[in-house]
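Remarks on the structure that follows.
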Amino acid sequence: MPQLNYENAIKNDRRKEFESFSRLLTEHNKICNLTAVTDEKGVTYKHFYDSIVGEKFIPLNSSVVEIGSGGGFPSIPLKIVRDDLSFTLIESTAKKCRFLESVVENLSLKCVQVRNIRAEDGAHEENLRQKFDVAVARAVAQLNTLCEYCLPFVKVGGRFIAYKGDADEEIKSAENAVRILGGQIEDIVRYELPENFGKRTLVVIGKIKDTPALYPRGQGKERKRPL
């Protein structure tokens, strides 16, 4: 897999793309609640750096689905540094989809599709269910709930990468959901962002068997009664 120097990726050869993305984020955040983090360092470390950390777990030329794209993290930073990847961004809020489409157009990003649908509906579409090499999600829900949203999109042999904060309790609570949904925890990566911007965790879950057709259950059951 490609290895990345995070400092160089953001501040040197891809600096213009990240600057354009930051500008668009600031502009659209005035009319659409995309992020509470708006200062330059916060955006750089808490959004850009954090997003890129997971790229080493994504094989070359992977098809990637992002669930609950929101402001485009981690998908857009990942696409900026890994043009070999193709993305489908799943977002239920129309205003956020328009922002994401604007980013894709302004940064001339290829092989990035934005879908204005709910994850629990999209996961039952034939052209989306178990069709992706990798699923990613960041700051969407508790891990047990998140697994039910994400693992149905991943093909057997692929993986789901969850971006979390301090996640020890979440990981323990999600063990049953991971098993039921056809997954297996492959790796747990704990790290700290530069300049004391916080402790983070990547949870890497491999897809080892098909997800039962029932899941995701829909009608809010993923959150109300997590597995």
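Each chain of the structure tokens is named A, B, ... in the order shown, its residues numbered from 1; ligands are numbered from 1 in display order.
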
Based on the backbone DSSP call, show me all residues of region 57-174 of chain A assigned strand (DSSP E), as a PyMOL selection string. chain A and resi 63-67+86-90+112-115+132-138+154-164

Which residues of region 59-106 of chain A have any atom within 9 Å of an atom in region 150-165 of chain A when counting only C-alpha atoms, and what is the closest pair of atoms for each, with the distance in Å to one decimal? Order the rows by chain and rising number and write it as a tab-separated table.
```
residue	atom	partner	partner_atom	distance
A:Val64	CA	A:Val154	CA	8.9
A:Val65	CA	A:Phe153	CA	7.5
A:Glu66	CA	A:Cys150	CA	8.3
A:Ile67	CA	A:Cys150	CA	6.7
A:Pro74	CA	A:Tyr163	CA	8.5
```

Could you take the residues named above and write them with N, CA and C atoms, as a PDB file, in the first residue's frame?
```pdb
ATOM      1  N   VAL A  64     -14.517   2.901  -2.388  1.00  0.00           N
ATOM      2  CA  VAL A  64     -14.751   3.268  -0.989  1.00  0.00           C
ATOM      3  C   VAL A  64     -16.113   3.929  -0.851  1.00  0.00           C
ATOM      4  N   VAL A  65     -16.889   3.511   0.121  1.00  0.00           N
ATOM      5  CA  VAL A  65     -18.141   4.181   0.447  1.00  0.00           C
ATOM      6  C   VAL A  65     -17.973   4.867   1.795  1.00  0.00           C
ATOM      7  N   GLU A  66     -18.440   6.114   1.853  1.00  0.00           N
ATOM      8  CA  GLU A  66     -18.415   6.849   3.123  1.00  0.00           C
ATOM      9  C   GLU A  66     -19.851   7.031   3.597  1.00  0.00           C
ATOM     10  N   ILE A  67     -20.092   6.680   4.842  1.00  0.00           N
ATOM     11  CA  ILE A  67     -21.431   6.779   5.412  1.00  0.00           C
ATOM     12  C   ILE A  67     -21.523   8.013   6.294  1.00  0.00           C
ATOM     13  N   PRO A  74     -13.801  11.403   6.396  1.00  0.00           N
ATOM     14  CA  PRO A  74     -12.440  11.518   5.855  1.00  0.00           C
ATOM     15  C   PRO A  74     -12.334  11.482   4.331  1.00  0.00           C
TER      16      PRO A  74
END
```

Report as a PyMOL selection string all protein, DNA and RNA residues lying within 12 Å of region 103-108 of chain A, evaluated on only C-alpha atoms, omitting residues in the same chain fewer than 6 positions from it. chain A and resi 14-28+71-72+75-77+79-80+83+87-89+96-97+114

Would you save the residues of that selection, restricted to N, CA, C and O atoms, as a JSON list (two decimals), in the first residue's frame?
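Once everything was written out, this is result.json:
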```json
[["chain", "number", "residue", "atom", "x", "y", "z"],
["A", 14, "ARG", "N", 0.25, 18.92, -2.23],
["A", 14, "ARG", "CA", -1.21, 18.97, -2.34],
["A", 14, "ARG", "C", -1.79, 20.15, -1.56],
["A", 14, "ARG", "O", -2.98, 20.18, -1.26],
["A", 15, "ARG", "N", -0.95, 21.09, -1.27],
["A", 15, "ARG", "CA", -1.38, 22.22, -0.44],
["A", 15, "ARG", "C", -2.54, 23.00, -1.06],
["A", 15, "ARG", "O", -3.49, 23.39, -0.37],
["A", 16, "LYS", "N", -2.49, 23.23, -2.37],
["A", 16, "LYS", "CA", -3.53, 24.03, -3.02],
["A", 16, "LYS", "C", -4.90, 23.38, -2.89],
["A", 16, "LYS", "O", -5.90, 24.06, -2.65],
["A", 17, "GLU", "N", -4.95, 22.05, -3.04],
["A", 17, "GLU", "CA", -6.22, 21.35, -2.92],
["A", 17, "GLU", "C", -6.79, 21.47, -1.51],
["A", 17, "GLU", "O", -7.99, 21.71, -1.32],
["A", 18, "PHE", "N", -5.92, 21.32, -0.52],
["A", 18, "PHE", "CA", -6.40, 21.44, 0.86],
["A", 18, "PHE", "C", -6.82, 22.88, 1.18],
["A", 18, "PHE", "O", -7.80, 23.10, 1.90],
["A", 19, "GLU", "N", -6.12, 23.85, 0.65],
["A", 19, "GLU", "CA", -6.50, 25.25, 0.86],
["A", 19, "GLU", "C", -7.85, 25.55, 0.23],
["A", 19, "GLU", "O", -8.70, 26.24, 0.81],
["A", 20, "SER", "N", -8.08, 25.03, -0.96],
["A", 20, "SER", "CA", -9.37, 25.22, -1.64],
["A", 20, "SER", "C", -10.50, 24.55, -0.86],
["A", 20, "SER", "O", -11.58, 25.12, -0.69],
["A", 21, "PHE", "N", -10.23, 23.35, -0.38],
["A", 21, "PHE", "CA", -11.23, 22.63, 0.41],
["A", 21, "PHE", "C", -11.56, 23.41, 1.69],
["A", 21, "PHE", "O", -12.73, 23.56, 2.06],
["A", 22, "SER", "N", -10.54, 23.93, 2.36],
["A", 22, "SER", "CA", -10.75, 24.70, 3.59],
["A", 22, "SER", "C", -11.58, 25.95, 3.31],
["A", 22, "SER", "O", -12.48, 26.30, 4.09],
["A", 23, "ARG", "N", -11.30, 26.61, 2.20],
["A", 23, "ARG", "CA", -12.07, 27.81, 1.84],
["A", 23, "ARG", "C", -13.54, 27.48, 1.59],
["A", 23, "ARG", "O", -14.44, 28.17, 2.08],
["A", 24, "LEU", "N", -13.80, 26.43, 0.85],
["A", 24, "LEU", "CA", -15.17, 26.01, 0.57],
["A", 24, "LEU", "C", -15.89, 25.61, 1.85],
["A", 24, "LEU", "O", -17.07, 25.93, 2.04],
["A", 25, "LEU", "N", -15.18, 24.93, 2.74],
["A", 25, "LEU", "CA", -15.77, 24.53, 4.02],
["A", 25, "LEU", "C", -16.19, 25.74, 4.83],
["A", 25, "LEU", "O", -17.30, 25.79, 5.38],
["A", 26, "THR", "N", -15.33, 26.75, 4.87],
["A", 26, "THR", "CA", -15.63, 27.97, 5.62],
["A", 26, "THR", "C", -16.82, 28.70, 5.02],
["A", 26, "THR", "O", -17.72, 29.17, 5.75],
["A", 27, "GLU", "N", -16.86, 28.82, 3.71],
["A", 27, "GLU", "CA", -17.95, 29.52, 3.02],
["A", 27, "GLU", "C", -19.29, 28.83, 3.26],
["A", 27, "GLU", "O", -20.28, 29.46, 3.61],
["A", 28, "HIS", "N", -19.34, 27.54, 3.04],
["A", 28, "HIS", "CA", -20.59, 26.81, 3.15],
["A", 28, "HIS", "C", -21.02, 26.61, 4.59],
["A", 28, "HIS", "O", -22.22, 26.42, 4.85],
["A", 71, "GLY", "N", -19.32, 16.99, 6.21],
["A", 71, "GLY", "CA", -18.38, 17.94, 5.62],
["A", 71, "GLY", "C", -17.33, 17.30, 4.73],
["A", 71, "GLY", "O", -16.44, 17.99, 4.23],
["A", 72, "GLY", "N", -17.42, 15.99, 4.53],
["A", 72, "GLY", "CA", -16.47, 15.32, 3.64],
["A", 72, "GLY", "C", -15.24, 14.77, 4.32],
["A", 72, "GLY", "O", -14.17, 14.68, 3.73],
["A", 75, "SER", "N", -13.44, 11.39, 3.62],
["A", 75, "SER", "CA", -13.40, 11.08, 2.18],
["A", 75, "SER", "C", -12.61, 12.07, 1.33],
["A", 75, "SER", "O", -11.77, 11.66, 0.52],
["A", 76, "ILE", "N", -12.85, 13.37, 1.49],
["A", 76, "ILE", "CA", -12.21, 14.34, 0.60],
["A", 76, "ILE", "C", -10.69, 14.40, 0.83],
["A", 76, "ILE", "O", -9.92, 14.33, -0.14],
["A", 77, "PRO", "N", -10.21, 14.51, 2.08],
["A", 77, "PRO", "CA", -8.75, 14.45, 2.26],
["A", 77, "PRO", "C", -8.15, 13.15, 1.73],
["A", 77, "PRO", "O", -7.06, 13.17, 1.13],
["A", 79, "LYS", "N", -9.24, 11.36, -0.76],
["A", 79, "LYS", "CA", -9.23, 11.44, -2.23],
["A", 79, "LYS", "C", -8.13, 12.36, -2.72],
["A", 79, "LYS", "O", -7.48, 12.09, -3.74],
["A", 80, "ILE", "N", -7.89, 13.45, -2.01],
["A", 80, "ILE", "CA", -6.84, 14.39, -2.41],
["A", 80, "ILE", "C", -5.48, 13.71, -2.42],
["A", 80, "ILE", "O", -4.67, 13.92, -3.33],
["A", 83, "ASP", "N", -5.47, 9.57, -5.30],
["A", 83, "ASP", "CA", -6.31, 9.69, -6.49],
["A", 83, "ASP", "C", -6.68, 8.34, -7.09],
["A", 83, "ASP", "O", -7.57, 8.25, -7.94],
["A", 87, "PHE", "N", -14.80, 6.97, -4.84],
["A", 87, "PHE", "CA", -15.64, 7.18, -3.66],
["A", 87, "PHE", "C", -17.11, 7.32, -4.01],
["A", 87, "PHE", "O", -17.48, 7.93, -5.02],
["A", 88, "THR", "N", -17.96, 6.76, -3.15],
["A", 88, "THR", "CA", -19.39, 7.04, -3.14],
["A", 88, "THR", "C", -19.70, 7.62, -1.77],
["A", 88, "THR", "O", -19.46, 6.96, -0.74],
["A", 89, "LEU", "N", -20.19, 8.85, -1.73],
["A", 89, "LEU", "CA", -20.47, 9.55, -0.48],
["A", 89, "LEU", "C", -21.96, 9.47, -0.18],
["A", 89, "LEU", "O", -22.77, 9.98, -0.95],
["A", 96, "LYS", "N", -25.97, 19.40, 2.65],
["A", 96, "LYS", "CA", -24.61, 18.88, 2.76],
["A", 96, "LYS", "C", -24.18, 18.20, 1.46],
["A", 96, "LYS", "O", -23.02, 18.27, 1.06],
["A", 97, "CYS", "N", -25.14, 17.57, 0.78],
["A", 97, "CYS", "CA", -24.83, 16.97, -0.52],
["A", 97, "CYS", "C", -24.44, 18.04, -1.53],
["A", 97, "CYS", "O", -23.51, 17.83, -2.33],
["A", 114, "VAL", "N", -21.80, 11.52, -5.21],
["A", 114, "VAL", "CA", -22.53, 11.91, -4.01],
["A", 114, "VAL", "C", -23.96, 11.39, -4.11],
["A", 114, "VAL", "O", -24.65, 11.64, -5.11]]
```

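With only C-alpha atoms as the atoms that count, the residue of A:Lys110, A:Val43, A:Asp121, A:Ser86 with the shortest distance to Gln219 (chain A) is A:Asp121.
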
Using only C-alpha atoms: which of A:Thr44, A:Asn196, A:Gln142, A:Phe73 has the shortest distance to Glu169 (chain A): A:Gln142

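From CA of Phe197 (chain A) back to CA of Lys46 (chain A), the distance works out to 6.6 Å.
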
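Shortest atom-to-atom contact with Thr145 (chain A) among A:Leu193, A:Val112, A:Leu181, A:Leu78: A:Leu181, counting only C-alpha atoms.
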
Could you pull out the helix (DSSP H, G or I) residues of region 143-226 of chain A, going by DSSP on the backbone, and write them as a PyMOL selection string? chain A and resi 143-153+168-173+175-180+194-196+221-224

Test item: residues at most 12 Å from Leu202 (chain A), only C-alpha atoms, excluding those fewer than 2 positions along its chain, as a ChimeraX atom specification: /A:50-57,74,136-139,143,160-168,170-171,185-192,199-200,204-205
